[in-house]
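Participant: There's a structure below that I have some questions on.
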Amino acid sequence: MAGTGDNTKTDTTKTGTAKTATIYHNPRCSTSRNTLKLIEEAGVTATVVKYLDTPPSRDGLRKLLDDAGLRPSEAIRKKEALYKELGLATATEDELLEAMVDHPILIERPIVVTDRGTVLARPYEKVREIL
C-alpha cells in the first residue's frame with residue numbers, strides 16, 4: 001500500500017474497538033484537536049505525543065509513514081512557509097524525510113496509531129477507520 005496516497009493502512013484481521021491510541025499531536029491545530037476528541041469520545045485511551053516538543057527520530061518517522069502507507073511527499077506540510085523557504089518542491093523522498101526530521105513543523109498532522117492500524121487523520125474523521 002505504500003505510496004497509494006489514500007493515507008490509510010489498516011489491519012483488517014483485527015476486529016473490535018482499539019483499546020489505546022497514540023496521537024502525534026499539535027494542540028494548536030484544530031484538525032489535531034478534533035481527532036483527539038473523537039478518540040476520547042470513542043472511549044479509547046490516548047497517549048498524546050506533542051511531536052513539536054518530542055519529534056520522532058528518522059527511523060521512528062520512517063516507520064510511522066510506512067505503517068500508514070505514505071511517502072514523505074504525502075505527509076509533508078507543503079503550505080508551511082518553511083517548505084518553500086527550504087526549496088523542497090523538487091526534493092527527493094529521502095530529502096523530504098530528512099527535512100521533516102530536522103524541522104518537525106513540516107510533518108503533517110495528526111498521525112494516529114492503534115492496534116488496528118496507522119492513519120494520517122486528514123480529515124479528522126479518518127481516525128474512525130482505526131478505532
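FYI, nothing fancy with the C-alpha cells labels: chains A, B, ... in order, residues from 1 per chain, ligands from 1 as they appear.
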Could you list, as number ranges by chain, every residue within 6 Å of Val44 in chain A, counting only C-alpha atoms and ignoring same-chain residues fewer than 3 positions away?

Facilitator: A: 19-20, 39-40

Participant: So that I can see what lies close to range 46-63 of chain A, please list as a compact mmCIF listing (two decimals) with N, CA and C atoms, in the first residue's frame the residues with an atom at most 9 Å from it, counting only C-alpha atoms and leaving out residues fewer than 3 positions away in the same chain.

Facilitator:
# COMPACT_ATOMS: atom_id res chain seq x y z
N LYS A 19 -8.07 -0.38 21.80
CA LYS A 19 -8.00 -0.14 23.24
C LYS A 19 -7.22 1.13 23.55
N THR A 20 -6.16 1.33 22.80
CA THR A 20 -5.33 2.51 23.02
C THR A 20 -4.96 3.13 21.68
N ALA A 21 -4.57 4.38 21.75
CA ALA A 21 -4.13 5.09 20.55
C ALA A 21 -2.98 6.00 20.93
N THR A 22 -2.08 6.21 19.99
CA THR A 22 -1.04 7.22 20.13
C THR A 22 -1.30 8.25 19.04
N ILE A 23 -1.40 9.50 19.45
CA ILE A 23 -1.64 10.58 18.50
C ILE A 23 -0.45 11.53 18.51
N TYR A 24 0.11 11.75 17.32
CA TYR A 24 1.18 12.73 17.15
C TYR A 24 0.46 14.05 16.91
N HIS A 25 0.48 14.90 17.93
CA HIS A 25 -0.49 15.97 18.12
C HIS A 25 0.18 17.34 18.20
N ASN A 26 -0.51 18.31 17.60
CA ASN A 26 -0.16 19.72 17.77
C ASN A 26 -1.42 20.38 18.33
N PRO A 27 -1.41 20.77 19.60
CA PRO A 27 -2.61 21.32 20.21
C PRO A 27 -3.10 22.63 19.57
N LEU A 36 -8.28 14.14 18.40
CA LEU A 36 -8.12 13.70 19.79
C LEU A 36 -9.50 13.59 20.46
N ILE A 39 -11.17 10.37 19.37
CA ILE A 39 -10.53 9.23 20.04
C ILE A 39 -11.09 9.09 21.46
N GLU A 40 -11.13 10.21 22.18
CA GLU A 40 -11.61 10.19 23.56
C GLU A 40 -13.09 9.84 23.62
N ASP A 66 5.65 4.44 6.86
CA ASP A 66 5.50 3.11 6.25
C ASP A 66 4.22 2.44 6.75
N ASP A 67 3.98 2.51 8.05
CA ASP A 67 2.79 1.88 8.63
C ASP A 67 1.50 2.51 8.11
N ALA A 68 1.55 3.79 7.77
CA ALA A 68 0.39 4.49 7.23
C ALA A 68 0.29 4.36 5.72
N ARG A 71 4.33 8.03 1.54
CA ARG A 71 5.66 8.53 1.21
C ARG A 71 5.84 9.87 1.93
N PRO A 72 7.06 10.30 2.18
CA PRO A 72 7.25 11.61 2.80
C PRO A 72 6.53 12.74 2.05
N LEU A 97 12.16 13.47 3.89
CA LEU A 97 12.17 12.81 5.20
C LEU A 97 13.16 13.51 6.13
N GLU A 98 14.35 13.80 5.64
CA GLU A 98 15.35 14.49 6.45
C GLU A 98 14.86 15.86 6.89
N MET A 100 11.79 16.75 7.35
CA MET A 100 10.75 16.55 8.36
C MET A 100 11.36 16.21 9.72
N VAL A 101 12.45 15.46 9.72
CA VAL A 101 13.13 15.13 10.97
C VAL A 101 13.80 16.37 11.54
N ASP A 102 14.44 17.15 10.68
CA ASP A 102 15.14 18.36 11.13
C ASP A 102 14.19 19.48 11.52
N HIS A 103 13.01 19.50 10.91
CA HIS A 103 12.02 20.57 11.12
C HIS A 103 10.64 19.93 11.29
N PRO A 104 10.33 19.41 12.50
CA PRO A 104 9.09 18.67 12.68
C PRO A 104 7.81 19.46 12.37
N ILE A 105 7.89 20.77 12.29
CA ILE A 105 6.72 21.56 11.89
C ILE A 105 6.26 21.16 10.49
N ILE A 107 5.92 18.08 9.46
CA ILE A 107 5.20 16.82 9.49
C ILE A 107 3.70 17.11 9.51

Participant: Out of A:Glu93, A:Arg109, A:Leu82, A:Leu88, which residue has the shortest atom-to-atom distance to Cys29 in chain A when counting only C-alpha atoms?

Facilitator: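 Answer, going by the shortest atom-to-atom distance: A:Arg109.
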
Participant: Could you list, as a PyMOL selection string, every residue within 8 Å of Ile130 in chain A, counting only C-alpha atoms and ignoring same-chain residues fewer than 5 positions away?

Facilitator: chain A and resi 10+18+113-119

Participant: Please save C-alpha atoms of the selected residues as a compact mmCIF listing (two decimals), in the first residue's frame.

Facilitator:
# COMPACT_ATOMS: atom_id res chain seq x y z
CA THR A 10 -5.36 -0.77 8.44
CA ALA A 18 -8.99 -0.20 19.59
CA VAL A 113 -1.50 4.69 15.69
CA THR A 114 -3.72 1.97 17.19
CA ASP A 115 -3.57 -1.81 17.20
CA ARG A 116 -5.91 -1.62 14.17
CA GLY A 117 -3.60 0.49 12.01
CA THR A 118 -1.98 3.86 11.39
CA VAL A 119 -3.53 6.86 9.64

Participant: From the DSSP assignment of the backbone, select every residue of chain A that is strand (DSSP E or B), and format the answer as a count of residues only.

Facilitator: 25

Participant: Could you tell me, as a short mmCIF file (atom, residue, chain, number, x, y, z; two decimals) with C-alpha atoms, in the first residue's frame, which residues of range 61-131 of chain A DSSP assigns to helix (DSSP H, G or I) when given the backbone?

Facilitator:
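Below is the file that was written, result.cif:
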data_model
loop_
_atom_site.label_atom_id
_atom_site.label_comp_id
_atom_site.auth_asym_id
_atom_site.auth_seq_id
_atom_site.Cartn_x
_atom_site.Cartn_y
_atom_site.Cartn_z
CA LEU A 61 9.15 8.77 11.39
CA ARG A 62 10.01 6.34 8.59
CA LYS A 63 8.12 3.58 10.46
CA LEU A 64 5.09 5.82 11.05
CA LEU A 65 4.94 6.71 7.37
CA ASP A 66 5.50 3.11 6.25
CA ASP A 67 2.79 1.88 8.63
CA ALA A 68 0.39 4.49 7.23
CA PRO A 72 7.25 11.61 2.80
CA SER A 73 5.86 13.73 -0.05
CA GLU A 74 2.35 12.67 1.03
CA ALA A 81 6.32 28.63 4.81
CA LEU A 82 9.43 26.61 5.68
CA TYR A 83 8.65 24.16 2.87
CA LYS A 84 9.06 26.94 0.34
CA GLU A 85 11.99 28.55 2.18
CA LEU A 88 11.59 21.36 -1.04
CA ALA A 89 9.31 21.31 -4.10
CA THR A 90 11.98 19.43 -6.08
CA GLU A 93 11.72 11.47 -0.83
CA ASP A 94 14.85 10.98 1.32
CA GLU A 95 15.49 14.73 1.38
CA LEU A 96 11.89 15.36 2.39
CA LEU A 97 12.17 12.81 5.20
CA GLU A 98 15.35 14.49 6.45
CA ALA A 99 13.67 17.91 6.33
CA MET A 100 10.75 16.55 8.36
CA VAL A 101 13.13 15.13 10.97
CA ASP A 102 15.14 18.36 11.13
CA PRO A 104 9.09 18.67 12.68
CA ILE A 105 6.72 21.56 11.89
CA LEU A 106 6.80 20.09 8.37
CA TYR A 124 -10.05 14.14 11.23
CA GLU A 125 -12.94 11.67 10.78
CA LYS A 126 -10.47 9.33 9.07
CA VAL A 127 -9.35 8.20 12.53
CA ARG A 128 -12.61 6.24 12.86
CA GLU A 129 -11.15 3.67 10.46
CA ILE A 130 -8.71 2.50 13.12
#
